[in-house]
>>> print(open('input09.txt').read())   # compact mmCIF, C-alpha atoms
# COMPACT_ATOMS: atom_id res chain seq x y z
CA MET A 9 80.39 -117.90 -143.83
CA ASN A 10 80.02 -118.87 -147.51
CA VAL A 11 76.71 -117.19 -148.33
CA THR A 12 77.40 -117.10 -152.06
CA GLU A 13 77.43 -120.91 -152.21
CA SER A 14 74.40 -121.45 -149.98
CA GLU A 15 71.29 -123.27 -151.16
CA SER A 16 68.88 -121.27 -153.32
CA ASN A 17 65.59 -120.10 -151.82
CA HIS A 18 63.92 -121.85 -154.78
CA ASP A 19 63.90 -125.47 -155.89
CA GLN A 20 62.69 -127.54 -158.84
CA LEU A 21 63.49 -124.68 -161.16
CA GLU A 22 63.06 -126.93 -164.19
CA LEU A 23 59.37 -127.34 -163.33
CA MET A 24 58.65 -123.61 -163.27
CA THR A 25 57.00 -121.83 -166.17
CA VAL A 26 58.95 -119.09 -167.92
CA LYS A 27 56.77 -116.51 -166.12
CA GLU A 28 57.51 -118.11 -162.75
CA LEU A 29 61.23 -118.19 -163.50
CA LEU A 30 61.30 -114.51 -164.45
CA ASP A 31 59.16 -113.42 -161.50
CA ASN A 32 61.33 -115.31 -159.03
CA ILE A 33 64.60 -114.04 -160.50
CA ASN A 34 63.24 -110.51 -160.36
CA ARG A 35 62.09 -110.99 -156.77
CA GLU A 36 65.61 -112.05 -155.80
CA ASP A 37 67.14 -109.15 -157.74
CA GLN A 38 65.07 -106.63 -155.79
CA THR A 39 67.06 -107.47 -152.66
CA VAL A 40 70.38 -106.45 -154.24
CA SER A 41 70.05 -102.66 -154.07
CA LEU A 42 69.14 -102.89 -150.38
CA ALA A 43 72.29 -104.92 -149.69
CA VAL A 44 74.35 -102.28 -151.52
CA GLN A 45 72.60 -99.46 -149.63
CA LYS A 46 73.87 -100.87 -146.35
CA GLU A 47 77.44 -100.55 -147.66
CA ILE A 48 77.23 -96.85 -148.62
CA PRO A 49 79.26 -95.69 -145.56
CA ARG A 50 82.07 -98.08 -146.58
CA ILE A 51 81.87 -97.03 -150.23
CA GLU A 52 81.97 -93.37 -149.16
CA ALA A 53 85.08 -93.95 -147.07
CA LEU A 54 86.82 -95.66 -150.00
CA VAL A 55 85.91 -92.95 -152.51
CA LYS A 56 87.16 -90.25 -150.15
CA GLU A 57 90.55 -91.98 -150.08
CA ILE A 58 90.72 -92.53 -153.84
CA VAL A 59 89.95 -88.96 -154.95
CA PRO A 60 92.94 -87.12 -153.43
CA ARG A 61 95.30 -89.77 -154.77
CA MET A 62 93.91 -89.40 -158.27
CA GLN A 63 94.09 -85.62 -157.99
CA LYS A 64 97.83 -86.10 -157.51
CA GLY A 65 98.14 -88.32 -160.59
CA GLY A 66 97.21 -91.67 -159.10
CA ARG A 67 95.36 -94.39 -160.96
CA LEU A 68 92.59 -96.82 -160.06
CA PHE A 69 93.15 -100.54 -160.62
CA TYR A 70 90.51 -103.27 -160.46
CA ILE A 71 91.67 -106.89 -160.16
CA GLY A 72 89.39 -109.90 -160.42
CA ALA A 73 88.79 -113.31 -161.97
CA GLY A 74 85.89 -114.61 -164.04
CA THR A 75 82.71 -112.54 -163.83
CA SER A 76 84.25 -110.26 -161.20
CA GLY A 77 87.25 -109.57 -163.41
CA ARG A 78 85.06 -108.88 -166.42
CA LEU A 79 82.98 -106.39 -164.45
CA GLY A 80 86.13 -104.52 -163.47
CA VAL A 81 87.33 -104.45 -167.08
CA VAL A 82 83.95 -103.13 -168.24
CA ASP A 83 83.88 -100.33 -165.67
CA ALA A 84 87.45 -99.31 -166.47
CA SER A 85 86.90 -99.38 -170.23
CA GLU A 86 83.87 -97.11 -169.96
CA CYS A 87 85.66 -94.30 -168.11
CA PRO A 88 87.59 -92.82 -171.07
CA PRO A 89 84.60 -92.41 -173.43
CA THR A 90 82.28 -91.29 -170.65
CA TYR A 91 84.55 -88.90 -168.77
CA GLY A 92 87.35 -88.13 -171.21
CA VAL A 93 90.09 -89.53 -168.97
CA GLU A 94 93.10 -91.09 -170.66
CA HIS A 95 93.28 -94.85 -171.08
CA GLY A 96 95.39 -96.21 -168.24
CA ILE A 97 93.90 -93.96 -165.55
CA VAL A 98 91.32 -96.60 -164.62
CA VAL A 99 92.58 -100.11 -165.36
CA GLY A 100 90.82 -103.47 -165.17
CA LEU A 101 92.99 -106.58 -164.81
CA ILE A 102 91.57 -110.09 -165.09
CA ALA A 103 93.18 -113.39 -164.10
CA GLY A 104 94.39 -115.10 -167.25
CA GLY A 105 94.86 -111.85 -169.18
CA ASP A 106 92.64 -110.20 -171.77
CA SER A 107 91.78 -113.51 -173.45
CA ALA A 108 89.92 -114.45 -170.25
CA ILE A 109 87.40 -111.67 -170.91
CA ARG A 110 85.80 -113.85 -173.59
CA LYS A 111 86.86 -117.35 -172.59
CA ALA A 112 87.61 -118.74 -169.15
CA VAL A 113 91.27 -119.57 -168.52
CA GLU A 114 91.49 -122.67 -166.34
CA PHE A 115 93.08 -122.26 -162.90
CA ALA A 116 94.23 -118.69 -163.65
CA GLU A 117 92.49 -117.45 -160.52
CA ASP A 118 94.43 -119.87 -158.32
CA ASP A 119 97.82 -118.16 -158.75
CA VAL A 120 98.32 -116.04 -155.64
CA ASP A 121 101.33 -114.18 -157.09
CA GLN A 122 100.13 -113.33 -160.59
CA ALA A 123 98.01 -110.25 -159.81
CA TRP A 124 100.97 -108.43 -158.27
CA LYS A 125 103.06 -109.31 -161.34
CA ASP A 126 100.29 -107.93 -163.53
CA LEU A 127 100.13 -104.73 -161.48
CA GLN A 128 103.89 -104.28 -161.64
CA GLU A 129 103.72 -104.27 -165.44
CA HIS A 130 101.85 -100.97 -165.04
CA MET A 131 104.56 -99.53 -162.79
CA ILE A 132 102.10 -99.32 -159.90
CA ASN A 133 103.08 -96.87 -157.14
CA HIS A 134 101.95 -95.38 -153.82
CA LYS A 135 99.62 -92.83 -155.47
CA ASP A 136 97.52 -95.62 -156.99
CA THR A 137 94.57 -97.60 -155.62
CA VAL A 138 93.86 -101.32 -156.00
CA ILE A 139 90.33 -102.69 -155.60
CA GLY A 140 90.00 -106.46 -155.52
CA ILE A 141 86.71 -107.88 -156.80
CA ALA A 142 85.63 -111.40 -155.83
CA ALA A 143 82.10 -112.55 -155.02
CA SER A 144 83.41 -115.30 -152.75
CA GLY A 145 86.14 -113.15 -151.21
CA SER A 146 88.42 -116.18 -151.43
CA THR A 147 89.98 -115.95 -154.92
CA PRO A 148 93.78 -116.41 -154.54
CA TYR A 149 94.62 -114.14 -157.52
CA VAL A 150 92.69 -111.27 -155.95
CA ILE A 151 93.73 -111.84 -152.35
CA GLY A 152 97.40 -112.07 -153.35
CA GLY A 153 97.22 -108.87 -155.37
CA VAL A 154 95.50 -106.88 -152.64
CA LYS A 155 97.85 -108.17 -149.96
CA ALA A 156 100.97 -107.33 -151.98
CA ALA A 157 99.62 -103.88 -152.86
CA LYS A 158 98.94 -103.11 -149.21
CA GLU A 159 102.39 -104.33 -148.19
CA ASN A 160 103.85 -101.90 -150.74
CA GLY A 161 102.02 -98.88 -149.32
CA ILE A 162 99.23 -98.77 -151.91
CA LEU A 163 95.63 -97.99 -150.95
CA THR A 164 93.47 -101.12 -151.13
CA GLY A 165 89.75 -101.80 -151.22
CA CYS A 166 87.61 -104.76 -152.19
CA ILE A 167 84.12 -105.81 -153.22
CA ALA A 168 83.07 -109.21 -151.86
CA CYS A 169 79.68 -110.80 -151.19
CA ASN A 170 80.54 -113.05 -148.25
CA PRO A 171 80.89 -111.61 -144.74
CA ASP A 172 84.34 -111.47 -143.13
CA SER A 173 86.08 -113.01 -146.12
CA LYS A 174 89.84 -113.46 -146.50
CA LEU A 175 89.82 -110.71 -149.10
CA ALA A 176 88.05 -108.28 -146.78
CA TRP A 177 90.60 -108.99 -144.07
CA GLU A 178 93.42 -108.03 -146.43
CA ALA A 179 91.81 -104.86 -147.83
CA GLU A 180 91.95 -101.57 -145.93
CA TYR A 181 88.53 -100.51 -147.21
CA PRO A 182 86.33 -103.58 -147.73
CA VAL A 183 82.84 -103.30 -149.24
CA GLU A 184 80.66 -106.34 -148.58
CA PRO A 185 77.14 -106.31 -150.07
CA ILE A 186 75.68 -109.56 -148.74
CA VAL A 187 73.00 -110.48 -151.26
CA GLY A 188 72.20 -113.97 -149.97
CA PRO A 189 71.73 -117.19 -151.95
CA GLU A 190 71.60 -117.06 -155.72
CA PHE A 191 68.49 -118.11 -157.66
CA VAL A 192 70.60 -120.87 -159.22
CA THR A 193 72.72 -122.11 -156.34
CA GLY A 194 76.26 -120.71 -156.55
CA SER A 195 75.70 -118.76 -159.78
CA THR A 196 77.36 -115.57 -158.57
CA ARG A 197 77.12 -113.89 -161.98
CA MET A 198 73.53 -113.17 -160.90
CA LYS A 199 72.85 -111.27 -157.64
CA ALA A 200 76.47 -111.02 -156.54
CA GLY A 201 77.51 -109.84 -160.00
CA THR A 202 74.72 -107.26 -160.01
CA ALA A 203 75.81 -105.98 -156.59
CA GLN A 204 79.42 -105.70 -157.76
CA LYS A 205 78.33 -103.79 -160.86
CA LEU A 206 76.26 -101.37 -158.75
CA VAL A 207 79.19 -100.73 -156.39
CA LEU A 208 81.59 -100.21 -159.27
CA ASN A 209 79.16 -97.74 -160.86
CA MET A 210 78.99 -95.85 -157.57
CA ILE A 211 82.76 -95.76 -157.06
CA SER A 212 83.79 -94.68 -160.57
CA THR A 213 80.92 -92.21 -161.01
CA ALA A 214 81.44 -90.55 -157.64
CA VAL A 215 85.21 -90.38 -158.20
CA MET A 216 84.85 -88.84 -161.67
CA ILE A 217 82.36 -86.25 -160.45
CA GLN A 218 84.67 -85.36 -157.59
CA LEU A 219 87.49 -84.98 -160.13
CA GLY A 220 85.41 -82.40 -162.01
CA LYS A 221 84.45 -84.55 -164.97
CA VAL A 222 80.75 -83.60 -164.77
CA LYS A 223 79.17 -80.14 -164.95
CA GLY A 224 75.65 -79.91 -163.56
CA ASN A 225 74.56 -83.39 -164.58
CA ARG A 226 76.32 -83.44 -167.95
CA MET A 227 79.23 -85.54 -169.22
CA VAL A 228 81.05 -82.49 -170.54
CA ASP A 229 84.32 -84.35 -171.15
CA MET A 230 82.86 -87.35 -173.00
CA GLN A 231 84.67 -88.44 -176.16
CA LEU A 232 82.84 -87.68 -179.40
CA SER A 233 83.54 -91.15 -180.76
CA ASN A 234 80.32 -91.80 -182.68
CA ASN A 235 77.33 -89.98 -184.16
CA LYS A 236 75.16 -90.63 -181.12
CA LEU A 237 77.65 -88.93 -178.82
CA VAL A 238 78.15 -86.02 -181.24
CA ASP A 239 74.37 -85.56 -181.24
CA ARG A 240 74.25 -85.74 -177.44
CA GLY A 241 77.06 -83.20 -177.15
CA THR A 242 75.36 -80.92 -179.64
CA LYS A 243 72.15 -80.96 -177.59
CA MET A 244 74.13 -80.12 -174.44
CA VAL A 245 75.74 -77.11 -176.14
CA MET A 246 72.36 -76.00 -177.52
CA GLU A 247 70.78 -76.11 -174.07
CA MET A 248 73.68 -74.53 -172.20
CA LEU A 249 74.23 -71.65 -174.67
CA GLN A 250 70.66 -71.34 -175.98
CA ILE A 251 71.77 -71.54 -179.60
CA GLU A 252 70.59 -73.37 -182.72
CA LYS A 253 71.71 -76.89 -183.64
CA GLU A 254 73.88 -75.91 -186.62
CA GLN A 255 75.90 -73.42 -184.58
CA ALA A 256 76.17 -75.80 -181.62
CA GLU A 257 77.46 -78.66 -183.77
CA LYS A 258 79.97 -76.35 -185.48
CA LEU A 259 81.35 -75.17 -182.11
CA LEU A 260 81.49 -78.74 -180.79
CA LYS A 261 83.50 -80.00 -183.74
CA GLU A 262 85.85 -77.00 -183.55
CA HIS A 263 86.62 -77.41 -179.83
CA GLY A 264 86.41 -81.19 -179.47
CA SER A 265 84.21 -81.45 -176.37
CA VAL A 266 81.35 -79.79 -174.56
CA ARG A 267 83.80 -78.47 -171.98
CA GLY A 268 85.97 -77.08 -174.77
CA VAL A 269 83.01 -75.10 -176.09
CA ILE A 270 82.09 -73.84 -172.62
CA ASP A 271 85.68 -72.72 -171.93
CA PHE A 272 85.89 -71.01 -175.31
CA VAL A 273 82.66 -69.07 -174.75
CA LYS A 274 83.66 -68.19 -171.18
CA ASN A 275 87.02 -66.78 -172.32
CA SER A 276 85.69 -64.98 -175.42
>>> encode(input="input09.txt", output="structure tokens")
Amino acid sequence: MNVTESESNHDQLELMTVKELLDNINREDQTVSLAVQKEIPRIEALVKEIVPRMQKGGRLFYIGAGTSGRLGVVDASECPPTYGVEHGIVVGLIAGGDSAIRKAVEFAEDDVDQAWKDLQEHMINHKDTVIGIAASGSTPYVIGGVKAAKENGILTGCIACNPDSKLAWEAEYPVEPIVGPEFVTGSTRMKAGTAQKLVLNMISTAVMIQLGKVKGNRMVDMQLSNNKLVDRGTKMVMEMLQIEKEQAEKLLKEHGSVRGVIDFVKNS
């Protein structure tokens, strides 16, 4: 059933006022979190499989095309600065290569063999996990990659927004938030894209917390890559150690991370 391509609940959009457009888009968006909520048991099952593999040195790969591919790339790229993991631990691959992040590459998503070739460039192995992302659940690039990964003994999951899709049939741990018709018919960058982003947030955040990358509710391993993050880290150290800003900032710069400061103080 191709829900993502079904007719919008709204018509004559061009006749709506700006206020009506925004209200109706927002009304549709409010249904997304409920669709994701229904998938929490499936997301939980997937996360519980990913964590032990990553504890043994495994990596997490996202594969997708178009909007879905870009969402995977974004989630992967945010893990190193947020959680201090090395680049290459969480990897986003998009059909058509990195140039497709900014500009669509025609027919790249139709190559059923290319995703596995892309994964092999990273020396993918049985400790890794591959999550295919495709709103329709029918993208050949993603289906082919997930199928090949599974055939090679690699853990597979997916995020699709159509029920019982080809992609879900190939993945061992499918997640299917069914968000219904888009406000603009077929524009899956909207509700489907939002659902995919929410699920990706849940997966990567839960995995990183389970891997010990958060203490309390703090990103203690975040990279101090700009003044805002140095300031945030300084405030964390101030609060945790009950010390003044100047001392906290000095310790942070000496030890490179909030965790580094905590470990230093603990072992002093």
>>> residues_around(input="input09.txt", residues="segment 111-122 of chain A", least_positions_apart="5", cutoff="10 Å", atoms="all atoms listed in the file", output="list in words")
Gly72, Ala73, Gly74, Thr75, Gly77, Ile102, Ala103, Gly104, Gly105, Asp106, Leu127, Gln128, Ser146, Thr147, Pro148, Tyr149, Val150, Ile151, Gly152, Gly153, Lys155 and Ala156 of chain A
>>> residues_around(input="input09.txt", residues="segment 218-234 of chain A", least_positions_apart="6", cutoff="6 Å", atoms="all atoms listed in the file", output="compact mmCIF listing (two decimals) with C-alpha atoms, in the coordinates of the input")
# COMPACT_ATOMS: atom_id res chain seq x y z
CA PRO A 89 84.60 -92.41 -173.43
CA THR A 90 82.28 -91.29 -170.65
CA TYR A 91 84.55 -88.90 -168.77
CA GLY A 92 87.35 -88.13 -171.21
CA SER A 265 84.21 -81.45 -176.37
CA VAL A 266 81.35 -79.79 -174.56
CA ARG A 267 83.80 -78.47 -171.98
>>> residues_around(input="input09.txt", residues="segment 30-36 of chain A", least_positions_apart="6", cutoff="12 Å", atoms="only C-alpha atoms", output="PyMOL selection string")
chain A and resi 16-19+21+24+42-43+187-192+198-200+202-203
>>> closest_residue(input="input09.txt", among="A:His134, A:Val154, A:Asn10, A:Pro88", to="Lys64 of chain A", atoms="all atoms listed in the file")
A:His134
>>> residues_around(input="input09.txt", residues="Tyr181 of chain A", least_positions_apart="2", cutoff="10 Å", atoms="only C-alpha atoms", output="list in words")
Arg50, Ile51, Glu52, Ala53, Leu54, Val55, Glu57, Ile139, Leu163, Thr164, Gly165, Cys166, Ile167, Ala176, Trp177, Glu178, Ala179, Val183 and Glu184 of chain A
>>> atom_distance(input="input09.txt", atom1="atom CA of Gln63 of chain A", atom2="atom CA of Val93 of chain A")
12.3 Å
>>> closest_residue(input="input09.txt", among="A:Ile186, A:Gly100, A:Trp124, A:Thr193", to="Thr39 of chain A", atoms="all atoms listed in the file")
A:Ile186
>>> residues_around(input="input09.txt", residues="Asp83 of chain A", least_positions_apart="3", cutoff="9 Å", atoms="all atoms listed in the file", output="ChimeraX atom specification")
/A:70,78-80,86-87,98-100,205,208-209,212
>>> atom_distance(input="input09.txt", atom1="atom CA of Ile141 of chain A", atom2="atom CA of Ser76 of chain A")
5.6 Å
>>> atom_distance(input="input09.txt", atom1="atom CA of Pro182 of chain A", atom2="atom CA of Glu94 of chain A")
27.0 Å
>>> axis_aligned_box(input="input09.txt", around="segment 149-162 of chain A", padding_each_side="8 Å", output="AutoDock Vina command-line options")
--center_x 98.3 --center_y -106.5 --center_z -152.9 --size_x 27.2 --size_y 31.4 --size_z 25.3
>>> closest_residue(input="input09.txt", among="A:Lys253, A:Pro49, A:Asn133, A:Val44", to="Gln204 of chain A", atoms="all atoms listed in the file")
A:Val44
